[in-house]
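Peer 1: Sharing start_31.txt, compact mmCIF, C-alpha atoms:
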```
# COMPACT_ATOMS: atom_id res chain seq x y z
CA MET V 20 44.67 203.01 155.60
CA SER V 21 45.18 199.46 156.81
CA GLY V 22 48.63 198.20 157.71
CA PHE V 23 50.70 195.25 156.58
CA LYS V 24 51.87 192.04 158.16
CA THR V 25 54.63 189.71 157.04
CA LEU V 26 53.55 186.28 155.82
CA SER V 27 55.08 183.47 153.85
CA TYR V 28 53.59 182.69 150.44
CA ARG V 29 52.25 179.44 151.97
CA ALA V 30 50.65 181.24 154.92
CA ALA V 31 49.14 183.85 152.62
CA LEU V 32 47.43 181.14 150.56
CA ARG V 33 46.17 179.47 153.74
CA GLU V 34 44.81 182.78 155.04
CA ALA V 35 42.96 183.33 151.76
CA LEU V 36 41.32 179.92 152.06
CA ILE V 37 40.32 180.53 155.68
CA GLU V 38 38.77 183.91 154.90
CA GLU V 39 36.81 182.59 151.91
CA LEU V 40 35.61 179.50 153.81
CA GLU V 41 34.41 181.80 156.59
CA ARG V 42 32.80 184.29 154.18
CA ASP V 43 30.93 181.92 151.86
CA PRO V 44 29.36 178.60 152.94
CA SER V 45 29.36 177.40 149.32
CA VAL V 46 33.19 177.26 149.31
CA PHE V 47 34.80 173.89 150.06
CA VAL V 48 38.26 172.35 149.62
CA MET V 49 39.12 168.85 148.45
CA GLY V 50 42.11 166.95 147.13
CA GLN V 51 44.46 164.10 147.79
CA ASP V 52 45.78 164.69 151.35
CA ALA V 53 44.18 168.15 151.42
CA GLY V 54 42.20 167.15 154.55
CA PRO V 55 43.69 166.27 157.97
CA PHE V 56 47.24 165.91 156.58
CA GLY V 57 47.09 169.52 155.36
CA GLY V 58 48.30 169.06 151.81
CA VAL V 59 51.68 167.89 150.63
CA PHE V 60 53.03 171.46 150.98
CA GLY V 61 51.04 172.33 154.10
CA VAL V 62 48.77 175.00 152.64
CA THR V 63 45.57 173.41 154.00
CA LYS V 64 47.05 172.40 157.36
CA GLY V 65 44.47 172.66 160.16
CA LEU V 66 41.55 173.57 157.90
CA THR V 67 39.67 170.31 158.45
CA GLU V 68 39.79 170.94 162.21
CA MET V 69 38.51 174.49 161.67
CA PHE V 70 35.75 173.82 159.15
CA GLY V 71 34.94 170.12 159.45
CA VAL V 72 35.35 167.17 157.16
CA GLU V 73 32.27 168.21 155.16
CA ARG V 74 34.10 171.31 153.83
CA VAL V 75 37.80 170.32 153.79
CA PHE V 76 38.36 166.70 152.90
CA ASP V 77 40.51 164.08 151.20
CA THR V 78 39.81 162.43 147.87
CA PRO V 79 40.99 159.18 146.29
CA ILE V 80 44.17 159.26 144.17
CA SER V 81 42.36 160.25 141.00
CA GLU V 82 43.01 163.63 139.39
CA ALA V 83 40.16 163.06 136.94
CA LEU V 84 37.80 162.57 139.88
CA ILE V 85 39.18 165.58 141.78
CA VAL V 86 38.74 168.01 138.89
CA GLY V 87 35.65 166.36 137.43
CA GLY V 88 33.99 166.31 140.84
CA GLY V 89 34.85 169.97 141.20
CA VAL V 90 33.24 170.78 137.86
CA GLY V 91 30.07 168.94 138.86
CA ALA V 92 29.91 170.65 142.25
CA ALA V 93 30.45 174.07 140.65
CA LEU V 94 27.63 173.43 138.19
CA ALA V 95 25.43 172.52 141.16
CA GLY V 96 26.05 175.87 142.85
CA ALA V 97 29.13 175.32 145.03
CA ARG V 98 32.51 177.08 144.79
CA PRO V 99 35.03 174.26 145.06
CA VAL V 100 38.77 174.72 145.52
CA VAL V 101 40.43 171.49 144.42
CA GLU V 102 44.09 170.71 145.01
CA LEU V 103 46.35 168.64 142.78
CA GLN V 104 49.49 167.52 144.60
CA TYR V 105 51.67 168.53 141.65
CA ALA V 106 50.77 170.49 138.52
CA ASP V 107 52.28 167.66 136.45
CA PHE V 108 49.26 165.57 137.42
CA ALA V 109 46.95 168.08 135.70
CA LEU V 110 47.80 166.18 132.52
CA ILE V 111 45.80 163.23 133.88
CA ALA V 112 42.79 165.52 134.21
CA MET V 113 43.17 167.41 130.93
CA ASP V 114 39.76 166.33 129.64
CA GLU V 115 38.05 167.68 132.76
CA ILE V 116 40.10 170.90 132.70
CA VAL V 117 40.09 171.71 128.97
CA ASN V 118 36.94 170.02 127.67
CA LYS V 119 34.66 170.41 130.69
CA ALA V 120 35.61 173.27 133.02
CA ALA V 121 36.89 175.63 130.32
CA LYS V 122 34.16 175.05 127.72
CA TRP V 123 30.99 174.53 129.74
CA ARG V 124 29.83 178.18 129.67
CA PHE V 125 30.46 178.42 125.90
CA MET V 126 28.76 175.10 125.12
CA HIS V 127 25.60 176.12 126.97
CA GLY V 128 25.06 179.57 125.59
CA GLY V 129 26.40 181.31 128.66
CA GLY V 130 23.66 179.79 130.78
CA GLN V 131 25.97 177.84 133.08
CA SER V 132 29.15 178.90 134.85
CA VAL V 133 31.89 176.84 136.51
CA PRO V 134 33.23 178.76 139.54
CA LEU V 135 36.05 176.28 140.17
CA VAL V 136 39.61 176.87 141.40
CA ILE V 137 42.25 174.24 140.65
CA ARG V 138 45.32 174.77 142.86
CA ALA V 139 48.42 173.13 141.42
CA PRO V 140 52.05 173.40 142.72
CA GLU V 141 54.48 173.66 139.81
CA GLY V 142 58.08 174.50 139.05
CA VAL V 143 61.65 173.24 139.03
CA VAL V 144 62.88 172.74 142.60
CA GLY V 145 63.96 170.12 145.10
CA GLY V 146 65.19 167.29 142.89
CA LEU V 147 61.65 166.06 142.36
CA GLY V 148 62.45 164.95 138.84
CA PRO V 149 60.83 164.93 135.42
CA GLU V 150 57.29 164.01 136.56
CA HIS V 151 56.98 166.34 139.58
CA SER V 152 58.79 169.57 138.65
CA GLN V 153 57.67 170.66 135.23
CA SER V 154 56.53 174.16 134.29
CA LEU V 155 53.49 173.49 132.14
CA ALA V 156 51.76 176.85 131.83
CA GLN V 157 52.21 176.90 128.06
CA TYR V 158 49.82 173.95 127.75
CA PHE V 159 46.95 176.11 128.99
CA TRP V 160 47.38 179.47 127.19
CA SER V 161 45.04 178.39 124.38
CA SER V 162 42.51 176.68 126.66
CA PHE V 163 39.90 179.35 126.03
CA GLY V 164 37.51 179.81 128.93
CA LEU V 165 40.13 178.86 131.50
CA LYS V 166 41.87 181.57 133.54
CA VAL V 167 45.47 180.88 134.56
CA ALA V 168 46.87 182.75 137.57
CA MET V 169 50.53 182.59 138.66
CA PRO V 170 51.27 184.80 141.71
CA ALA V 171 54.87 185.63 142.65
CA THR V 172 54.52 187.40 146.01
CA PRO V 173 52.70 186.57 149.26
CA ALA V 174 50.43 189.59 148.79
CA ASP V 175 49.47 188.46 145.30
CA ALA V 176 49.10 184.85 146.45
CA LYS V 177 46.46 185.87 148.97
CA GLY V 178 44.70 188.54 146.92
CA MET V 179 44.61 186.54 143.71
CA LEU V 180 43.40 183.32 145.36
CA LYS V 181 40.53 185.20 146.99
CA SER V 182 39.63 186.76 143.64
CA ALA V 183 39.87 183.36 141.94
CA ILE V 184 37.47 181.79 144.45
CA ARG V 185 34.94 184.58 143.83
CA ASP V 186 35.32 184.37 140.04
CA ASP V 187 32.46 182.75 138.11
CA ASP V 188 34.87 181.15 135.62
CA PRO V 189 37.31 178.26 136.23
CA VAL V 190 40.77 179.34 137.36
CA LEU V 191 43.92 177.23 137.21
CA PHE V 192 46.03 178.57 140.08
CA LEU V 193 49.69 177.66 139.55
CA GLU V 194 51.86 178.04 142.67
CA ASN V 195 55.62 177.79 142.13
CA LYS V 196 56.95 175.41 144.78
CA SER V 197 60.13 177.44 145.31
CA LEU V 198 58.02 180.39 146.51
CA TYR V 199 56.17 178.68 149.39
CA ASN V 200 58.72 179.89 151.97
CA ARG V 201 59.14 183.36 150.48
CA ARG V 202 58.07 186.01 152.99
CA GLY V 203 56.73 189.46 152.27
CA PRO V 204 54.22 192.16 153.26
CA VAL V 205 50.53 191.37 152.93
CA PRO V 206 47.86 194.05 153.49
CA GLU V 207 45.74 193.52 156.58
CA GLY V 208 41.99 193.26 156.19
CA GLU V 209 40.14 192.52 152.98
CA HIS V 210 42.71 192.15 150.19
CA LEU V 211 41.70 191.33 146.62
CA VAL V 212 43.98 191.42 143.57
CA PRO V 213 42.14 191.39 140.21
CA LEU V 214 43.07 188.61 137.80
CA GLY V 215 44.67 189.67 134.54
CA VAL V 216 46.08 193.02 135.67
CA ALA V 217 49.88 193.29 135.44
CA SER V 218 52.10 194.61 138.23
CA THR V 219 55.10 196.85 137.49
CA TRP V 220 57.82 195.79 139.92
CA ARG V 221 60.32 198.37 138.75
CA ALA V 222 60.21 201.31 136.31
CA GLY V 223 62.99 201.66 133.75
CA SER V 224 63.76 203.24 130.41
CA ASP V 225 66.13 200.79 128.67
CA VAL V 226 64.34 197.45 128.37
CA THR V 227 60.96 195.91 129.19
CA VAL V 228 61.39 192.62 131.03
CA VAL V 229 58.27 190.46 131.26
CA ALA V 230 58.54 187.74 133.88
CA TRP V 231 56.07 185.95 136.12
CA SER V 232 56.00 183.56 139.07
CA ARG V 233 59.55 182.65 140.28
CA MET V 234 61.16 184.25 137.25
CA ALA V 235 59.85 187.67 138.31
CA THR V 236 62.03 187.40 141.43
CA VAL V 237 65.02 186.33 139.30
CA ALA V 238 64.49 189.23 136.89
CA ALA V 239 64.26 191.66 139.79
CA LYS V 240 67.67 190.53 141.07
CA ALA V 241 69.16 190.99 137.61
CA ALA V 242 67.67 194.48 137.38
CA GLU V 243 69.36 195.46 140.65
CA VAL V 244 72.75 194.44 139.25
CA LEU V 245 72.18 196.16 135.92
CA ALA V 246 71.13 199.41 137.60
CA GLY V 247 74.69 199.61 138.92
CA GLN V 248 75.92 199.33 135.34
CA GLY V 249 73.70 202.10 134.02
CA VAL V 250 71.00 199.86 132.54
CA GLU V 251 67.46 200.54 133.76
CA CYS V 252 65.05 197.62 133.42
CA GLU V 253 61.28 197.90 133.59
CA ILE V 254 60.08 194.68 135.25
CA ILE V 255 56.48 193.73 134.50
CA ASP V 256 54.82 190.76 136.16
CA PRO V 257 51.59 189.86 134.30
CA ARG V 258 50.59 187.77 137.36
CA GLY V 259 49.49 184.95 135.07
CA ILE V 260 48.89 184.21 131.43
CA SER V 261 45.10 184.30 131.01
CA PRO V 262 43.66 186.86 130.91
CA PHE V 263 46.89 188.51 129.79
CA ASP V 264 47.55 192.22 130.27
CA LEU V 265 49.05 192.83 126.84
CA ASP V 266 48.24 196.55 126.97
CA ALA V 267 50.66 197.01 129.88
CA ILE V 268 53.43 195.26 127.93
CA LEU V 269 52.80 197.31 124.76
CA ALA V 270 52.83 200.59 126.65
CA SER V 271 56.12 199.67 128.29
CA VAL V 272 57.74 198.61 125.00
CA GLU V 273 56.77 201.96 123.49
CA ARG V 274 58.77 203.64 126.25
CA THR V 275 61.83 201.37 126.27
CA GLY V 276 62.07 200.07 122.68
CA ARG V 277 63.37 196.70 123.84
CA LEU V 278 61.70 193.50 125.09
CA ALA V 279 62.89 190.40 126.93
CA VAL V 280 60.60 187.62 128.15
CA VAL V 281 61.82 185.45 131.02
CA HIS V 282 60.05 182.18 131.83
CA GLU V 283 60.85 178.91 133.55
CA GLY V 284 59.38 176.47 131.04
CA PRO V 285 61.23 175.24 127.93
CA VAL V 286 62.08 177.87 125.33
CA THR V 287 60.66 175.87 122.40
CA GLY V 288 56.91 176.09 122.23
CA GLY V 289 57.02 178.28 125.32
CA LEU V 290 55.14 181.42 126.19
CA GLY V 291 57.99 183.74 125.25
CA GLY V 292 57.64 183.03 121.55
CA GLU V 293 53.89 183.74 121.54
CA LEU V 294 54.22 186.92 123.60
CA ILE V 295 57.01 188.29 121.41
CA THR V 296 54.95 187.56 118.31
CA GLN V 297 52.04 189.53 119.68
CA VAL V 298 54.25 192.50 120.52
CA VAL V 299 56.02 192.45 117.14
CA GLU V 300 52.68 192.32 115.31
CA ARG V 301 51.48 195.43 117.16
CA ARG V 302 54.57 197.53 117.97
CA PHE V 303 57.29 196.55 115.48
CA SER V 304 58.11 200.17 114.74
CA ALA V 305 58.81 200.88 118.42
CA LEU V 306 61.53 198.20 118.71
CA LYS V 307 65.21 199.16 118.67
CA ALA V 308 66.39 195.54 118.72
CA ALA V 309 65.02 192.05 118.18
CA PRO V 310 63.18 190.82 121.33
CA ILE V 311 64.76 187.92 123.20
CA ARG V 312 63.59 184.88 125.17
CA ILE V 313 65.41 183.81 128.35
CA ALA V 314 63.90 180.48 129.31
CA GLY V 315 64.36 176.94 130.49
CA ALA V 316 66.36 174.41 128.51
CA ASP V 317 64.70 172.13 125.98
CA THR V 318 65.08 168.94 127.97
CA TYR V 319 63.64 166.90 130.82
CA VAL V 320 63.79 168.10 134.42
CA PRO V 321 66.71 166.13 135.94
CA GLN V 322 66.45 164.37 139.31
CA ASN V 323 69.99 165.45 140.22
CA GLN V 324 69.80 168.82 141.98
CA ASP V 325 73.13 170.02 140.62
CA LEU V 326 71.88 169.42 137.08
CA GLU V 327 68.48 170.81 137.99
CA GLY V 328 70.14 174.11 138.84
CA LEU V 329 71.41 174.38 135.28
CA LEU V 330 67.98 173.91 133.72
CA THR V 331 66.41 177.31 134.29
CA PRO V 332 67.87 180.83 134.01
CA ASP V 333 69.42 182.27 137.15
CA ALA V 334 70.07 185.94 137.91
CA ASP V 335 73.54 185.83 136.34
CA ALA V 336 72.19 184.44 133.07
CA VAL V 337 69.37 186.98 132.95
CA THR V 338 71.76 189.82 133.77
CA ALA V 339 74.15 188.84 130.97
CA ALA V 340 71.39 188.45 128.39
CA LEU V 341 69.77 191.79 129.22
CA ALA V 342 73.11 193.61 129.21
CA THR V 343 73.90 192.24 125.76
CA LEU V 344 70.47 193.20 124.44
CA VAL V 345 70.71 196.79 125.64
CA GLN V 346 74.39 197.47 124.95
CA SER V 347 74.27 196.01 121.43
CA SER V 348 71.46 198.34 120.41
CA ARG V 349 72.46 201.63 122.02
```
Written as structure tokens, how would this file's structure read?

Peer 2:
Amino acid sequence: MSGFKTLSYRAALREALIEELERDPSVFVMGQDAGPFGGVFGVTKGLTEMFGVERVFDTPISEALIVGGGVGAALAGARPVVELQYADFALIAMDEIVNKAAKWRFMHGGGQSVPLVIRAPEGVVGGLGPEHSQSLAQYFWSSFGLKVAMPATPADAKGMLKSAIRDDDPVLFLENKSLYNRRGPVPEGEHLVPLGVASTWRAGSDVTVVAWSRMATVAAKAAEVLAGQGVECEIIDPRGISPFDLDAILASVERTGRLAVVHEGPVTGGLGGELITQVVERRFSALKAAPIRIAGADTYVPQNQDLEGLLTPDADAVTAALATLVQSSR
């Protein structure tokens, strides 16, 4: 059995890119400042020197060009990894993401594939304000044909990015900015994590807690506190939202009888409402209490960091909500 090494989330992503660039000559990386500068968050630092400007290079400030060029290159046989500086800017390239990358296989009878990865840093952190810190995953759940991956750990960051690059369908790879410095064990050697397969962070019998990306780490902290109070949480990280491992959630709800969904984006129109609906439609009889959403506030992301800290649920808020859910239905 291979061993483990400790890497940051950022370093794990960089290692995945290096290994895939070395393994497959059809892989290349492009984006605004993704070349010699190394990306605004340093994930591609040094890659131009390692692989040359032909395979890791800068683009103009045009998200439509970055994604659209990636779609064209993928259709021509390459495996591009394109980087958007912030996930917020994906909105500028929505036509290329939703109407081109996601639909091309369907529109051509399955005869053409788009093996494209769109890396996009997202999430509320650092006082970056309403146009650079949004959590926009909910905009893409119904973009059929597009896979959406959202790793929470360094091991998943590496394994899922490698799987995304090898996937024949387009993958939107959302990296929460607050996780870039998070360190953790990463398996040595070849490490692939399949897309769309949930990870159970903690087994428990009282409540199923579904949380992904940064919120999985917040939910895990809350579960530690609640364990000391006699409440056992089952933490499930779906590792993304499309494909979505609903079977894992349903099986857990059958065991616990309670469901809470924790996500960073706004509660209204968010993913929690859709996920709860799907569970209620299929396992209503298994529920001991009404499922709950613990999510971001329905407002803009503030520039002020003190206010920013109030926008999304912290471990105390998640702990209190889960305790109320369980204790009120025992």

Peer 1: Report the closest atom pair, with its distance in Å rounded to one decimal, for each residue of region 25-78 of chain V that has an atom no farther than 8 Å from region 87-102 of chain V; count only C-alpha atoms, sort by chain and then rising residue number, and write it as CSV.

Peer 2:
```
residue,atom,partner,partner_atom,distance
V:Ser45,CA,V:Ala97,CA,4.8
V:Val46,CA,V:Arg98,CA,4.6
V:Phe47,CA,V:Pro99,CA,5.0
V:Val48,CA,V:Val100,CA,4.8
V:Met49,CA,V:Val101,CA,5.0
V:Gly50,CA,V:Glu102,CA,4.7
V:Gln51,CA,V:Glu102,CA,7.2
V:Ala53,CA,V:Glu102,CA,6.9
```

Peer 1: List as a compact mmCIF listing (two decimals) with C-alpha atoms, in the coordinates of the input the protein and nucleic acid residues near region 202-204 of chain V, meaning an atom at most 7 Å away when only C-alpha atoms are counted, but skip any in the same chain fewer than 4 places from it.

Peer 2:
```
# COMPACT_ATOMS: atom_id res chain seq x y z
CA PHE V 23 50.70 195.25 156.58
CA LYS V 24 51.87 192.04 158.16
CA THR V 25 54.63 189.71 157.04
CA LEU V 26 53.55 186.28 155.82
CA SER V 27 55.08 183.47 153.85
CA TYR V 28 53.59 182.69 150.44
CA THR V 172 54.52 187.40 146.01
CA PRO V 173 52.70 186.57 149.26
CA ALA V 174 50.43 189.59 148.79
```

Peer 1: Between V:Cys252, V:Glu73, V:Pro262, V:Glu209, which is the closest to Leu165 (chain V) once you count all atoms listed in the file?

Peer 2: V:Pro262

Peer 1: With only C-alpha atoms as the counted atoms, please give the residues lying no more than 9 Å from region 275-291 of chain V, apart from itself and same-chain residues fewer than 3 positions off, as an MDAnalysis selection string.

Peer 2: chainID V and resid 142:143 153:158 160 223:235 237:238 252:253 260 268 271:272 294:296 298 304:318 330:332 337 340:341 344:345 348

Peer 1: How far is it from CA of Asp107 (chain V) to CA of Arg74 (chain V), in Å with one decimal?

Peer 2: 25.4 Å

Peer 1: Record the distance separating CA of Val136 (chain V) and CA of Leu66 (chain V), expressed in Å with one decimal.

Peer 2: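 Computed distance, CA of Val136 (chain V) to CA of Leu66 (chain V), equals 16.9 Å.
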
Peer 1: Which residue out of V:Arg221, V:Lys119, V:Arg258, V:Arg302 has the minimum interatomic distance to Glu194 (chain V) when only C-alpha atoms are used?

Peer 2: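 Looking at the shortest contact to Glu194 (chain V), the residue is V:Arg258.
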
Peer 1: To one decimal place, how far is CA of Thr67 (chain V) from CA of Ile80 (chain V) in Å?

Peer 2: 18.6 Å

Peer 1: Hey, which of V:Thr78, V:Leu265, V:Pro149, V:Gly54 ends up closest to Glu293 (chain V)? Count all atoms listed in the file.

Peer 2: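 Between V:Thr78, V:Leu265, V:Pro149, V:Gly54, the residue approaching Glu293 (chain V) most closely is V:Leu265.
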
Peer 1: For each of V:Arg185, V:Lys196, V:Lys177, V:Lys166, take the minimum atom-to-atom distance to Gln104 (chain V), counting only C-alpha atoms, then give the residue where this is smallest.

Peer 2: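 When distances to Gln104 (chain V) are compared using only C-alpha atoms, the smallest one comes from V:Lys196.
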
Peer 1: Is it possible to produce a file of region 96-107 of chain V from this structure, with all heavy atoms, as a PDB file, in the first residue's frame?

Peer 2:
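Result went into decode24.pdb, see below:
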```pdb
ATOM      1  N   GLY V  96      -9.753  17.934 -30.205  1.00  0.00           N
ATOM      2  CA  GLY V  96      -8.979  16.790 -29.729  1.00  0.00           C
ATOM      3  C   GLY V  96      -8.082  17.046 -28.537  1.00  0.00           C
ATOM      4  O   GLY V  96      -7.436  16.109 -28.060  1.00  0.00           O
ATOM      5  N   ALA V  97      -8.007  18.291 -28.062  1.00  0.00           N
ATOM      6  CA  ALA V  97      -7.165  18.585 -26.897  1.00  0.00           C
ATOM      7  C   ALA V  97      -7.960  18.371 -25.612  1.00  0.00           C
ATOM      8  O   ALA V  97      -9.180  18.131 -25.638  1.00  0.00           O
ATOM      9  CB  ALA V  97      -6.657  20.015 -26.978  1.00  0.00           C
ATOM     10  N   ARG V  98      -7.262  18.452 -24.479  1.00  0.00           N
ATOM     11  CA  ARG V  98      -7.903  18.399 -23.156  1.00  0.00           C
ATOM     12  C   ARG V  98      -7.497  19.649 -22.383  1.00  0.00           C
ATOM     13  O   ARG V  98      -6.600  19.617 -21.543  1.00  0.00           O
ATOM     14  CB  ARG V  98      -7.521  17.114 -22.409  1.00  0.00           C
ATOM     15  CG  ARG V  98      -8.137  15.872 -23.001  1.00  0.00           C
ATOM     16  CD  ARG V  98      -7.941  14.631 -22.135  1.00  0.00           C
ATOM     17  NE  ARG V  98      -8.628  13.496 -22.751  1.00  0.00           N
ATOM     18  CZ  ARG V  98      -9.879  13.153 -22.490  1.00  0.00           C
ATOM     19  NH1 ARG V  98     -10.573  13.829 -21.599  1.00  0.00           N
ATOM     20  NH2 ARG V  98     -10.453  12.144 -23.093  1.00  0.00           N
ATOM     21  N   PRO V  99      -8.184  20.758 -22.656  1.00  0.00           N
ATOM     22  CA  PRO V  99      -7.806  22.025 -22.023  1.00  0.00           C
ATOM     23  C   PRO V  99      -8.263  22.106 -20.566  1.00  0.00           C
ATOM     24  O   PRO V  99      -9.328  21.601 -20.201  1.00  0.00           O
ATOM     25  CB  PRO V  99      -8.544  23.076 -22.862  1.00  0.00           C
ATOM     26  CG  PRO V  99      -9.383  22.359 -23.836  1.00  0.00           C
ATOM     27  CD  PRO V  99      -9.263  20.899 -23.608  1.00  0.00           C
ATOM     28  N   VAL V 100      -7.439  22.773 -19.767  1.00  0.00           N
ATOM     29  CA  VAL V 100      -7.822  23.174 -18.411  1.00  0.00           C
ATOM     30  C   VAL V 100      -7.769  24.694 -18.414  1.00  0.00           C
ATOM     31  O   VAL V 100      -6.686  25.278 -18.518  1.00  0.00           O
ATOM     32  CB  VAL V 100      -6.868  22.620 -17.343  1.00  0.00           C
ATOM     33  CG1 VAL V 100      -7.313  23.059 -15.946  1.00  0.00           C
ATOM     34  CG2 VAL V 100      -6.785  21.107 -17.434  1.00  0.00           C
ATOM     35  N   VAL V 101      -8.925  25.339 -18.348  1.00  0.00           N
ATOM     36  CA  VAL V 101      -8.950  26.799 -18.401  1.00  0.00           C
ATOM     37  C   VAL V 101      -9.248  27.332 -17.000  1.00  0.00           C
ATOM     38  O   VAL V 101      -9.971  26.718 -16.219  1.00  0.00           O
ATOM     39  CB  VAL V 101      -9.988  27.328 -19.412  1.00  0.00           C
ATOM     40  CG1 VAL V 101      -9.730  26.712 -20.779  1.00  0.00           C
ATOM     41  CG2 VAL V 101     -11.417  27.060 -18.971  1.00  0.00           C
ATOM     42  N   GLU V 102      -8.633  28.467 -16.687  1.00  0.00           N
ATOM     43  CA  GLU V 102      -8.774  29.045 -15.354  1.00  0.00           C
ATOM     44  C   GLU V 102      -9.456  30.404 -15.439  1.00  0.00           C
ATOM     45  O   GLU V 102      -9.011  31.284 -16.176  1.00  0.00           O
ATOM     46  CB  GLU V 102      -7.400  29.195 -14.691  1.00  0.00           C
ATOM     47  CG  GLU V 102      -7.487  29.868 -13.316  1.00  0.00           C
ATOM     48  CD  GLU V 102      -6.146  29.938 -12.603  1.00  0.00           C
ATOM     49  OE1 GLU V 102      -5.350  28.994 -12.733  1.00  0.00           O
ATOM     50  OE2 GLU V 102      -5.882  30.949 -11.918  1.00  0.00           O
ATOM     51  N   LEU V 103     -10.536  30.551 -14.669  1.00  0.00           N
ATOM     52  CA  LEU V 103     -11.149  31.860 -14.471  1.00  0.00           C
ATOM     53  C   LEU V 103     -10.637  32.409 -13.145  1.00  0.00           C
ATOM     54  O   LEU V 103     -10.590  31.686 -12.153  1.00  0.00           O
ATOM     55  CB  LEU V 103     -12.673  31.741 -14.441  1.00  0.00           C
ATOM     56  CG  LEU V 103     -13.312  31.092 -15.680  1.00  0.00           C
ATOM     57  CD1 LEU V 103     -14.829  30.973 -15.491  1.00  0.00           C
ATOM     58  CD2 LEU V 103     -12.989  31.892 -16.936  1.00  0.00           C
ATOM     59  N   GLN V 104     -10.263  33.671 -13.105  1.00  0.00           N
ATOM     60  CA  GLN V 104      -9.667  34.199 -11.876  1.00  0.00           C
ATOM     61  C   GLN V 104     -10.620  34.069 -10.690  1.00  0.00           C
ATOM     62  O   GLN V 104     -10.196  33.794  -9.571  1.00  0.00           O
ATOM     63  CB  GLN V 104      -9.257  35.652 -12.071  1.00  0.00           C
ATOM     64  CG  GLN V 104      -7.956  35.813 -12.831  1.00  0.00           C
ATOM     65  CD  GLN V 104      -7.370  37.186 -12.671  1.00  0.00           C
ATOM     66  OE1 GLN V 104      -8.080  38.145 -12.385  1.00  0.00           O
ATOM     67  NE2 GLN V 104      -6.065  37.302 -12.859  1.00  0.00           N
ATOM     68  N   TYR V 105     -11.880  34.314 -10.914  1.00  0.00           N
ATOM     69  CA  TYR V 105     -12.907  34.179  -9.882  1.00  0.00           C
ATOM     70  C   TYR V 105     -14.137  33.532 -10.518  1.00  0.00           C
ATOM     71  O   TYR V 105     -14.492  33.854 -11.659  1.00  0.00           O
ATOM     72  CB  TYR V 105     -13.284  35.549  -9.297  1.00  0.00           C
ATOM     73  CG  TYR V 105     -12.155  36.228  -8.555  1.00  0.00           C
ATOM     74  CD1 TYR V 105     -11.266  37.062  -9.228  1.00  0.00           C
ATOM     75  CD2 TYR V 105     -11.969  36.017  -7.190  1.00  0.00           C
ATOM     76  CE1 TYR V 105     -10.217  37.671  -8.558  1.00  0.00           C
ATOM     77  CE2 TYR V 105     -10.931  36.625  -6.513  1.00  0.00           C
ATOM     78  CZ  TYR V 105     -10.051  37.455  -7.192  1.00  0.00           C
ATOM     79  OH  TYR V 105      -9.008  38.051  -6.531  1.00  0.00           O
ATOM     80  N   ALA V 106     -14.821  32.679  -9.756  1.00  0.00           N
ATOM     81  CA  ALA V 106     -16.001  32.013 -10.293  1.00  0.00           C
ATOM     82  C   ALA V 106     -17.088  33.008 -10.683  1.00  0.00           C
ATOM     83  O   ALA V 106     -17.897  32.727 -11.572  1.00  0.00           O
ATOM     84  CB  ALA V 106     -16.553  31.028  -9.260  1.00  0.00           C
ATOM     85  N   ASP V 107     -17.109  34.169 -10.029  1.00  0.00           N
ATOM     86  CA  ASP V 107     -18.091  35.202 -10.379  1.00  0.00           C
ATOM     87  C   ASP V 107     -18.035  35.533 -11.869  1.00  0.00           C
ATOM     88  O   ASP V 107     -19.054  35.859 -12.478  1.00  0.00           O
ATOM     89  CB  ASP V 107     -17.819  36.472  -9.575  1.00  0.00           C
ATOM     90  CG  ASP V 107     -17.618  36.187  -8.097  1.00  0.00           C
ATOM     91  OD1 ASP V 107     -16.599  35.552  -7.757  1.00  0.00           O
ATOM     92  OD2 ASP V 107     -18.460  36.577  -7.288  1.00  0.00           O
TER      93      ASP V 107
END
```
